[in-house]
Every structure is written in C-alpha cells, then in structure tokens.
file entry_19.csv (CSV, C-alpha atoms)
chain,number,residue,atom,x,y,z
A,1,MET,CA,83.6,303.1,277.2
A,2,GLY,CA,82.2,300.6,279.7
A,3,ASP,CA,79.5,301.2,282.3
A,4,GLY,CA,82.2,301.8,284.9
A,5,ALA,CA,82.9,305.2,283.3
A,6,LEU,CA,79.3,306.4,283.5
A,7,SER,CA,78.0,308.4,286.4
A,8,VAL,CA,74.9,307.3,288.3
A,9,ARG,CA,72.8,309.9,286.6
A,10,GLU,CA,74.0,308.7,283.1
A,11,LYS,CA,73.3,305.0,284.0
A,12,SER,CA,69.8,305.8,285.2
A,13,SER,CA,69.0,308.1,282.3
A,14,THR,CA,66.7,306.9,279.5
A,15,ALA,CA,68.8,308.9,277.0
A,16,ARG,CA,72.4,308.0,276.8
A,17,VAL,CA,74.9,310.8,277.1
A,18,VAL,CA,77.2,310.5,274.1
A,19,PRO,CA,80.6,312.0,274.8
A,20,PRO,CA,82.2,314.1,272.0
A,21,ALA,CA,84.5,312.3,269.6
A,22,ARG,CA,87.2,314.9,270.5
A,23,PRO,CA,87.1,318.0,272.7
A,24,ARG,CA,86.3,321.1,270.7
A,25,LYS,CA,86.6,324.9,271.3
A,26,LEU,CA,83.3,326.7,271.3
A,27,ALA,CA,84.6,330.2,270.2
A,28,LYS,CA,84.2,329.6,266.5
A,29,VAL,CA,81.2,327.2,266.4
A,30,PRO,CA,79.4,327.4,269.7
A,31,PHE,CA,76.4,325.3,268.6
A,32,VAL,CA,76.3,322.3,266.2
A,33,GLU,CA,73.7,319.6,265.8
A,34,LEU,CA,72.5,316.8,263.6
A,35,ALA,CA,68.8,317.4,263.6
A,36,ASP,CA,65.8,317.7,261.3
A,37,GLY,CA,67.6,316.0,258.4
A,38,ARG,CA,70.3,318.6,258.4
A,39,LEU,CA,73.7,319.4,259.9
A,40,GLN,CA,73.0,322.8,261.4
A,41,GLY,CA,74.5,325.2,263.8
A,42,VAL,CA,75.7,328.7,264.8
A,43,VAL,CA,79.1,330.0,263.6
A,44,SER,CA,80.7,333.1,265.0
A,45,SER,CA,81.7,335.9,262.6
A,46,GLY,CA,85.4,336.4,262.1
A,47,SER,CA,85.0,340.2,261.6
A,48,ASP,CA,82.2,341.3,264.0
A,49,ILE,CA,81.9,340.1,267.6
A,50,GLY,CA,78.2,340.8,267.6
A,51,ARG,CA,77.3,338.8,264.5
A,52,VAL,CA,76.8,335.1,264.1
A,53,TYR,CA,75.8,333.0,261.2
A,54,VAL,CA,73.2,330.2,261.2
A,55,SER,CA,74.4,327.6,258.7
A,56,SER,CA,72.9,324.3,257.6
A,57,VAL,CA,73.4,321.5,255.1
A,58,GLU,CA,70.7,319.1,254.2
A,59,ALA,CA,71.4,315.4,254.3
A,60,ALA,CA,71.7,313.6,250.9
A,61,THR,CA,71.1,316.7,248.7
A,62,TYR,CA,73.6,318.9,250.5
A,63,ALA,CA,71.5,322.0,249.8
A,64,PHE,CA,73.0,324.6,252.0
A,65,ALA,CA,71.9,327.8,253.7
A,66,CYS,CA,73.8,330.4,255.6
A,67,SER,CA,72.6,333.7,257.0
A,68,THR,CA,73.3,336.1,259.9
A,69,ASN,CA,71.3,336.0,263.1
A,70,ASN,CA,69.2,338.9,261.7
A,71,ASN,CA,68.4,337.0,258.5
A,72,ARG,CA,70.8,338.7,256.2
A,73,PRO,CA,72.3,336.4,253.5
A,74,CYS,CA,76.0,335.3,253.9
A,75,GLY,CA,78.1,337.0,251.3
A,76,GLY,CA,80.4,334.0,250.9
A,77,ALA,CA,77.7,331.5,250.1
A,78,ARG,CA,77.1,332.4,246.5
A,79,GLY,CA,77.3,329.3,244.2
A,80,GLY,CA,79.0,327.1,246.8
A,81,PHE,CA,79.8,326.4,250.4
A,82,CYS,CA,81.1,329.3,252.4
A,83,ASN,CA,83.7,329.2,255.2
A,84,HIS,CA,81.0,329.1,257.8
A,85,ILE,CA,79.7,325.8,256.5
A,86,ARG,CA,83.3,324.5,256.3
A,87,ALA,CA,83.8,325.4,260.0
A,88,LEU,CA,80.4,323.8,260.8
A,89,VAL,CA,81.5,320.5,259.2
A,90,ASP,CA,84.9,320.6,260.9
A,91,GLU,CA,83.2,321.1,264.3
A,92,ALA,CA,80.5,318.4,263.7
A,93,VAL,CA,83.3,315.9,263.0
A,94,LEU,CA,85.0,316.8,266.2
A,95,GLN,CA,81.7,316.6,268.1
A,96,TYR,CA,80.2,313.5,266.6
A,97,GLY,CA,83.0,311.7,264.7
A,98,VAL,CA,83.5,311.5,260.9
A,99,GLU,CA,81.6,308.2,260.6
A,100,ARG,CA,78.4,309.5,262.3
A,101,VAL,CA,78.5,312.8,260.3
A,102,ALA,CA,79.1,311.1,257.0
A,103,ARG,CA,76.3,308.5,257.7
A,104,TYR,CA,73.8,311.2,258.7
A,105,LEU,CA,74.6,313.4,255.7
A,106,LYS,CA,74.7,310.3,253.4
A,107,ALA,CA,78.2,311.4,252.2
A,108,GLU,CA,80.4,308.8,250.6
A,109,VAL,CA,83.8,309.1,252.3
A,110,SER,CA,86.7,306.9,251.5
A,111,GLY,CA,90.4,306.9,252.1
A,112,GLU,CA,92.8,305.7,254.7
A,113,ASP,CA,92.2,308.5,257.2
A,114,PRO,CA,88.8,310.1,256.5
A,115,GLY,CA,88.1,313.4,258.2
A,116,ALA,CA,86.2,316.6,257.9
A,117,HIS,CA,88.0,317.5,254.7
A,118,THR,CA,86.8,314.2,253.1
A,119,VAL,CA,83.2,314.9,254.1
A,120,PHE,CA,83.4,318.4,252.8
A,121,SER,CA,85.0,317.3,249.5
A,122,ALA,CA,82.3,314.6,249.0
A,123,MET,CA,79.6,317.2,249.5
A,124,SER,CA,81.3,319.8,247.3
A,125,ARG,CA,81.8,317.5,244.4
A,126,THR,CA,78.0,317.3,243.9
A,127,ARG,CA,77.8,321.0,243.4
A,128,PRO,CA,74.8,321.5,245.7
A,129,ALA,CA,72.2,324.2,245.3
A,130,GLN,CA,71.7,326.9,247.7
A,131,GLY,CA,68.7,326.0,249.9
A,132,ASP,CA,66.0,327.7,251.8
A,133,SER,CA,67.1,329.4,255.1
A,134,SER,CA,63.7,329.2,256.7
A,135,ALA,CA,65.0,326.9,259.5
A,136,ALA,CA,67.5,329.5,260.6
A,137,ALA,CA,65.1,331.0,263.2
A,138,GLN,CA,64.5,327.6,264.8
A,139,VAL,CA,68.2,326.7,264.9
A,140,PHE,CA,69.1,330.1,266.4
A,141,SER,CA,66.2,329.8,269.0
A,142,ARG,CA,67.6,326.4,270.1
A,143,PHE,CA,71.1,327.9,270.4
A,144,LEU,CA,69.7,330.7,272.6
A,145,ARG,CA,67.9,328.2,274.8
A,146,HIS,CA,71.1,326.2,275.3
A,147,LEU,CA,72.9,329.5,276.3
A,148,ALA,CA,70.2,330.1,278.9
A,149,TYR,CA,71.1,326.8,280.6
A,150,LEU,CA,74.6,328.1,281.1
A,151,GLU,CA,73.3,331.0,283.2
A,152,LEU,CA,71.5,328.8,285.7
A,153,THR,CA,73.2,328.1,289.0
A,154,PRO,CA,74.3,324.5,289.4
A,155,THR,CA,71.8,322.4,291.1
A,156,THR,CA,70.7,318.8,291.4
A,157,ALA,CA,67.0,319.7,291.5
A,158,PRO,CA,65.0,318.9,288.4
A,159,LEU,CA,64.4,321.6,285.8
A,160,PRO,CA,60.6,322.1,285.1
A,161,GLU,CA,61.1,322.2,281.3
A,162,MET,CA,62.9,318.9,281.3
A,163,GLN,CA,60.2,317.0,283.2
A,164,TRP,CA,58.9,315.4,280.1
A,165,PHE,CA,61.8,312.9,280.3
A,166,PRO,CA,60.4,309.8,281.9
A,167,THR,CA,62.0,308.5,285.1
A,168,THR,CA,63.5,305.1,285.0
A,169,ARG,CA,62.3,303.9,288.3
A,170,ALA,CA,58.7,305.3,288.1
A,171,VAL,CA,56.0,303.1,289.5
A,172,ALA,CA,52.8,303.3,287.4

call {"tool": "encode", "arguments": {"input": "entry_19.csv", "output": "structure tokens"}}
result
Amino acid sequence: MGDGALSVREKSSTARVVPPARPRKLAKVPFVELADGRLQGVVSSGSDIGRVYVSSVEAATYAFACSTNNNRPCGGARGGFCNHIRALVDEAVLQYGVERVARYLKAEVSGEDPGAHTVFSAMSRTRPAQGDSSAAAQVFSRFLRHLAYLELTPTTAPLPEMQWFPTTRAVA
C-alpha cells in the first residue's frame, strides 16, 4: 500500500492507520486487540444476546482467562482453551494477520499456509495454565469506550479526549 492510497488525515497523522489484514464481521468478536502483553478482546455469547465474554491469552506463556462481562467464569475454560478464545484467535488473525499475531504471542507457526488454526495449535500444545482474569475489567472498559465513539455524530472537529495526540505541523 503506497502513500497514494492514504487519505490526507492518514498522511499527516503521527500514528499510522493499519488496515485490517482481511475484513471481519463484528457480530461474534466485536473487539480484539494486541495490548498489555496479551491477545485480548470481547466475544459474544452464542446462547444469550445480553452476555459477552472477556477473553485473553498472555504472550509466550499462553496463560488464558475467560469470564463474562459480570465476572462469572467461563464454563468451557476448564483445563484448556474454550471456544471464546478460539474465536478471539481467529478474529485476531483476520484483523492483524497471522505473522503479526504469532510474533506478538511468540508462537512458533510453521507450514505452507499458516493461519489461525496453526497459531491456536501451537499454543494448545504447550498445555497452558488458566491465568488471572483481573485484566477483564480494563479490557471491557476499553470496549465500552470504543462503542461510545460509534454513537457520536460524524464530524471533522477534534475530539477533546484525543487531544493528547501531537499535531504534525505544530510550531513550538
């Protein structure tokens, strides 16, 4: 992707906007991020429309945590990865690409056509321990903050909470 494909705002931004590796549907996993040394995000419940799960996997150790938005433990995450974590890995690969996800998690992937299944298999082979779910509140809070931006009316005016980003043409 050359500079010709970037908008004026993206060219003048100090933080590059990274396009997703492939488009993804947000119904099952509305929020996924590589942050704080973890792959973490929010996964919708398959059985209850009002319930979501906050799932995470630590880089290198693959210690995992999965709980509902009201801090109840996931019933499927006993002794191994649950389906919510599998969905999180699948969507992270769609969002960031398999190379970036594998590098961030420090997962050794090989094969002719690596994908989410190879990252998931590499992590599962280590038989990771169930981790601490204390970060779930922070992840869910960031998800809610992202949702709030969707409710704003479109504008080109600066958002006050985003003013800590430096301007590129500022005169000191």

call {"tool": "residues_around", "arguments": {"input": "entry_19.csv", "residues": "Leu34 (chain A)", "least_positions_apart": "4", "cutoff": "9 Å", "atoms": "all atoms listed in the file", "output": "PyMOL selection string"}}
result
chain A and resi 38-41+92+96+101+104-105

call {"tool": "closest_residue", "arguments": {"input": "entry_19.csv", "among": "A:Val57, A:Leu94, A:Ala129, A:Cys66", "to": "Ala35 (chain A)", "atoms": "all atoms listed in the file"}}
result
A:Val57

call {"tool": "closest_residue", "arguments": {"input": "entry_19.csv", "among": "A:Asp48, A:Asp132, A:Glu33, A:Asp113", "to": "Gln95 (chain A)", "atoms": "all atoms listed in the file"}}
result
A:Glu33

call {"tool": "atom_distance", "arguments": {"input": "entry_19.csv", "atom1": "CA of Arg103 (chain A)", "atom2": "CA of Val43 (chain A)"}}
result
22.5 Å

call {"tool": "atom_distance", "arguments": {"input": "entry_19.csv", "atom1": "CA of Ala65 (chain A)", "atom2": "CA of Ala137 (chain A)"}}
result
12.1 Å

call {"tool": "residues_near_point", "arguments": {"input": "entry_19.csv", "point": "(81.8, 337.2, 262.9)", "cutoff": "12 Å", "atoms": "only C-alpha atoms", "output": "PyMOL selection string"}}
result
chain A and resi 27-29+42-54+67-69+74+83-84

call {"tool": "atom_distance", "arguments": {"input": "entry_19.csv", "atom1": "CA of Val109 (chain A)", "atom2": "CA of Ser133 (chain A)"}}
result
26.4 Å

call {"tool": "closest_residue", "arguments": {"input": "entry_19.csv", "among": "A:Leu159, A:Ala21, A:Ala63, A:Val139", "to": "Ser124 (chain A)", "atoms": "only C-alpha atoms"}}
result
A:Ala63

call {"tool": "decode", "arguments": {"input": "entry_19.csv", "residues": "region 74-117 of chain A", "atoms": "N, CA and C atoms", "output": "PDB file, in the first residue's frame"}}
result
ATOM      1  N   CYS A  74     -15.980 -18.571  32.730  1.00  0.00           N
ATOM      2  CA  CYS A  74     -16.469 -19.280  31.551  1.00  0.00           C
ATOM      3  C   CYS A  74     -16.517 -20.769  31.876  1.00  0.00           C
ATOM      4  N   GLY A  75     -17.614 -21.405  31.569  1.00  0.00           N
ATOM      5  CA  GLY A  75     -17.766 -22.832  31.842  1.00  0.00           C
ATOM      6  C   GLY A  75     -16.927 -23.710  30.941  1.00  0.00           C
ATOM      7  N   GLY A  76     -16.540 -23.212  29.768  1.00  0.00           N
ATOM      8  CA  GLY A  76     -15.775 -24.023  28.826  1.00  0.00           C
ATOM      9  C   GLY A  76     -14.274 -23.923  28.997  1.00  0.00           C
ATOM     10  N   ALA A  77     -13.794 -23.040  29.860  1.00  0.00           N
ATOM     11  CA  ALA A  77     -12.352 -22.821  30.013  1.00  0.00           C
ATOM     12  C   ALA A  77     -11.790 -23.581  31.201  1.00  0.00           C
ATOM     13  N   ARG A  78     -12.152 -24.827  31.317  1.00  0.00           N
ATOM     14  CA  ARG A  78     -11.639 -25.645  32.419  1.00  0.00           C
ATOM     15  C   ARG A  78     -10.577 -26.597  31.869  1.00  0.00           C
ATOM     16  N   GLY A  79      -9.325 -26.301  32.177  1.00  0.00           N
ATOM     17  CA  GLY A  79      -8.237 -27.174  31.762  1.00  0.00           C
ATOM     18  C   GLY A  79      -7.698 -26.917  30.367  1.00  0.00           C
ATOM     19  N   GLY A  80      -8.302 -26.043  29.616  1.00  0.00           N
ATOM     20  CA  GLY A  80      -7.820 -25.739  28.268  1.00  0.00           C
ATOM     21  C   GLY A  80      -8.585 -24.582  27.669  1.00  0.00           C
ATOM     22  N   PHE A  81      -8.178 -24.206  26.481  1.00  0.00           N
ATOM     23  CA  PHE A  81      -8.820 -23.080  25.803  1.00  0.00           C
ATOM     24  C   PHE A  81     -10.288 -23.377  25.506  1.00  0.00           C
ATOM     25  N   CYS A  82     -11.124 -22.376  25.702  1.00  0.00           N
ATOM     26  CA  CYS A  82     -12.550 -22.502  25.388  1.00  0.00           C
ATOM     27  C   CYS A  82     -12.796 -22.007  23.953  1.00  0.00           C
ATOM     28  N   ASN A  83     -14.022 -22.140  23.502  1.00  0.00           N
ATOM     29  CA  ASN A  83     -14.378 -21.697  22.153  1.00  0.00           C
ATOM     30  C   ASN A  83     -14.293 -20.179  22.003  1.00  0.00           C
ATOM     31  N   HIS A  84     -14.436 -19.443  23.101  1.00  0.00           N
ATOM     32  CA  HIS A  84     -14.323 -17.981  23.029  1.00  0.00           C
ATOM     33  C   HIS A  84     -12.893 -17.581  22.668  1.00  0.00           C
ATOM     34  N   ILE A  85     -11.929 -18.291  23.232  1.00  0.00           N
ATOM     35  CA  ILE A  85     -10.525 -17.986  22.933  1.00  0.00           C
ATOM     36  C   ILE A  85     -10.201 -18.397  21.498  1.00  0.00           C
ATOM     37  N   ARG A  86     -10.756 -19.496  21.044  1.00  0.00           N
ATOM     38  CA  ARG A  86     -10.553 -19.904  19.648  1.00  0.00           C
ATOM     39  C   ARG A  86     -11.104 -18.819  18.709  1.00  0.00           C
ATOM     40  N   ALA A  87     -12.295 -18.303  19.005  1.00  0.00           N
ATOM     41  CA  ALA A  87     -12.887 -17.240  18.176  1.00  0.00           C
ATOM     42  C   ALA A  87     -12.046 -15.975  18.236  1.00  0.00           C
ATOM     43  N   LEU A  88     -11.481 -15.667  19.407  1.00  0.00           N
ATOM     44  CA  LEU A  88     -10.621 -14.491  19.563  1.00  0.00           C
ATOM     45  C   LEU A  88      -9.370 -14.609  18.696  1.00  0.00           C
ATOM     46  N   VAL A  89      -8.748 -15.778  18.689  1.00  0.00           N
ATOM     47  CA  VAL A  89      -7.557 -16.003  17.862  1.00  0.00           C
ATOM     48  C   VAL A  89      -7.921 -15.891  16.380  1.00  0.00           C
ATOM     49  N   ASP A  90      -9.038 -16.490  15.989  1.00  0.00           N
ATOM     50  CA  ASP A  90      -9.484 -16.417  14.582  1.00  0.00           C
ATOM     51  C   ASP A  90      -9.655 -14.973  14.133  1.00  0.00           C
ATOM     52  N   GLU A  91     -10.317 -14.169  14.948  1.00  0.00           N
ATOM     53  CA  GLU A  91     -10.571 -12.777  14.575  1.00  0.00           C
ATOM     54  C   GLU A  91      -9.311 -11.918  14.643  1.00  0.00           C
ATOM     55  N   ALA A  92      -8.408 -12.241  15.563  1.00  0.00           N
ATOM     56  CA  ALA A  92      -7.144 -11.505  15.632  1.00  0.00           C
ATOM     57  C   ALA A  92      -6.328 -11.732  14.362  1.00  0.00           C
ATOM     58  N   VAL A  93      -6.339 -12.942  13.861  1.00  0.00           N
ATOM     59  CA  VAL A  93      -5.621 -13.247  12.616  1.00  0.00           C
ATOM     60  C   VAL A  93      -6.260 -12.502  11.455  1.00  0.00           C
ATOM     61  N   LEU A  94      -7.581 -12.405  11.427  1.00  0.00           N
ATOM     62  CA  LEU A  94      -8.238 -11.618  10.383  1.00  0.00           C
ATOM     63  C   LEU A  94      -7.881 -10.147  10.493  1.00  0.00           C
ATOM     64  N   GLN A  95      -7.842  -9.628  11.720  1.00  0.00           N
ATOM     65  CA  GLN A  95      -7.584  -8.206  11.943  1.00  0.00           C
ATOM     66  C   GLN A  95      -6.120  -7.834  11.701  1.00  0.00           C
ATOM     67  N   TYR A  96      -5.204  -8.617  12.253  1.00  0.00           N
ATOM     68  CA  TYR A  96      -3.795  -8.244  12.243  1.00  0.00           C
ATOM     69  C   TYR A  96      -2.915  -9.072  11.313  1.00  0.00           C
ATOM     70  N   GLY A  97      -3.386 -10.215  10.873  1.00  0.00           N
ATOM     71  CA  GLY A  97      -2.570 -11.115  10.053  1.00  0.00           C
ATOM     72  C   GLY A  97      -1.883 -12.153  10.928  1.00  0.00           C
ATOM     73  N   VAL A  98      -1.685 -13.333  10.369  1.00  0.00           N
ATOM     74  CA  VAL A  98      -1.129 -14.445  11.147  1.00  0.00           C
ATOM     75  C   VAL A  98       0.297 -14.162  11.605  1.00  0.00           C
ATOM     76  N   GLU A  99       1.112 -13.507  10.778  1.00  0.00           N
ATOM     77  CA  GLU A  99       2.504 -13.250  11.155  1.00  0.00           C
ATOM     78  C   GLU A  99       2.582 -12.338  12.380  1.00  0.00           C
ATOM     79  N   ARG A 100       1.780 -11.279  12.371  1.00  0.00           N
ATOM     80  CA  ARG A 100       1.825 -10.326  13.481  1.00  0.00           C
ATOM     81  C   ARG A 100       1.304 -10.946  14.776  1.00  0.00           C
ATOM     82  N   VAL A 101       0.227 -11.708  14.697  1.00  0.00           N
ATOM     83  CA  VAL A 101      -0.336 -12.355  15.890  1.00  0.00           C
ATOM     84  C   VAL A 101       0.654 -13.376  16.444  1.00  0.00           C
ATOM     85  N   ALA A 102       1.228 -14.202  15.574  1.00  0.00           N
ATOM     86  CA  ALA A 102       2.188 -15.212  16.017  1.00  0.00           C
ATOM     87  C   ALA A 102       3.426 -14.560  16.631  1.00  0.00           C
ATOM     88  N   ARG A 103       3.910 -13.489  16.017  1.00  0.00           N
ATOM     89  CA  ARG A 103       5.085 -12.786  16.549  1.00  0.00           C
ATOM     90  C   ARG A 103       4.761 -12.175  17.921  1.00  0.00           C
ATOM     91  N   TYR A 104       3.583 -11.560  18.055  1.00  0.00           N
ATOM     92  CA  TYR A 104       3.205 -10.926  19.320  1.00  0.00           C
ATOM     93  C   TYR A 104       3.070 -11.965  20.430  1.00  0.00           C
ATOM     94  N   LEU A 105       2.437 -13.086  20.115  1.00  0.00           N
ATOM     95  CA  LEU A 105       2.228 -14.130  21.121  1.00  0.00           C
ATOM     96  C   LEU A 105       3.450 -15.012  21.323  1.00  0.00           C
ATOM     97  N   LYS A 106       4.459 -14.840  20.463  1.00  0.00           N
ATOM     98  CA  LYS A 106       5.666 -15.670  20.482  1.00  0.00           C
ATOM     99  C   LYS A 106       5.316 -17.137  20.247  1.00  0.00           C
ATOM    100  N   ALA A 107       4.456 -17.349  19.269  1.00  0.00           N
ATOM    101  CA  ALA A 107       4.033 -18.702  18.900  1.00  0.00           C
ATOM    102  C   ALA A 107       4.809 -19.147  17.669  1.00  0.00           C
ATOM    103  N   GLU A 108       5.356 -20.339  17.728  1.00  0.00           N
ATOM    104  CA  GLU A 108       6.084 -20.902  16.598  1.00  0.00           C
ATOM    105  C   GLU A 108       5.083 -21.534  15.635  1.00  0.00           C
ATOM    106  N   VAL A 109       4.896 -20.878  14.492  1.00  0.00           N
ATOM    107  CA  VAL A 109       3.998 -21.431  13.480  1.00  0.00           C
ATOM    108  C   VAL A 109       4.822 -21.829  12.277  1.00  0.00           C
ATOM    109  N   SER A 110       4.461 -22.931  11.690  1.00  0.00           N
ATOM    110  CA  SER A 110       5.151 -23.402  10.501  1.00  0.00           C
ATOM    111  C   SER A 110       4.134 -24.011   9.565  1.00  0.00           C
ATOM    112  N   GLY A 111       4.596 -24.384   8.433  1.00  0.00           N
ATOM    113  CA  GLY A 111       3.704 -24.977   7.457  1.00  0.00           C
ATOM    114  C   GLY A 111       3.624 -24.113   6.219  1.00  0.00           C
ATOM    115  N   GLU A 112       3.020 -24.673   5.224  1.00  0.00           N
ATOM    116  CA  GLU A 112       2.919 -23.984   3.946  1.00  0.00           C
ATOM    117  C   GLU A 112       1.946 -22.824   3.987  1.00  0.00           C
ATOM    118  N   ASP A 113       0.826 -23.015   4.673  1.00  0.00           N
ATOM    119  CA  ASP A 113      -0.209 -21.987   4.717  1.00  0.00           C
ATOM    120  C   ASP A 113      -0.634 -21.760   6.168  1.00  0.00           C
ATOM    121  N   PRO A 114       0.211 -21.047   6.958  1.00  0.00           N
ATOM    122  CA  PRO A 114      -0.163 -20.841   8.361  1.00  0.00           C
ATOM    123  C   PRO A 114      -1.407 -19.969   8.480  1.00  0.00           C
ATOM    124  N   GLY A 115      -2.197 -20.257   9.486  1.00  0.00           N
ATOM    125  CA  GLY A 115      -3.416 -19.497   9.725  1.00  0.00           C
ATOM    126  C   GLY A 115      -3.736 -19.518  11.206  1.00  0.00           C
ATOM    127  N   ALA A 116      -4.954 -19.119  11.532  1.00  0.00           N
ATOM    128  CA  ALA A 116      -5.379 -19.073  12.932  1.00  0.00           C
ATOM    129  C   ALA A 116      -5.278 -20.454  13.566  1.00  0.00           C
ATOM    130  N   HIS A 117      -5.592 -21.495  12.805  1.00  0.00           N
ATOM    131  CA  HIS A 117      -5.545 -22.849  13.358  1.00  0.00           C
ATOM    132  C   HIS A 117      -4.124 -23.248  13.757  1.00  0.00           C
TER     133      HIS A 117
END
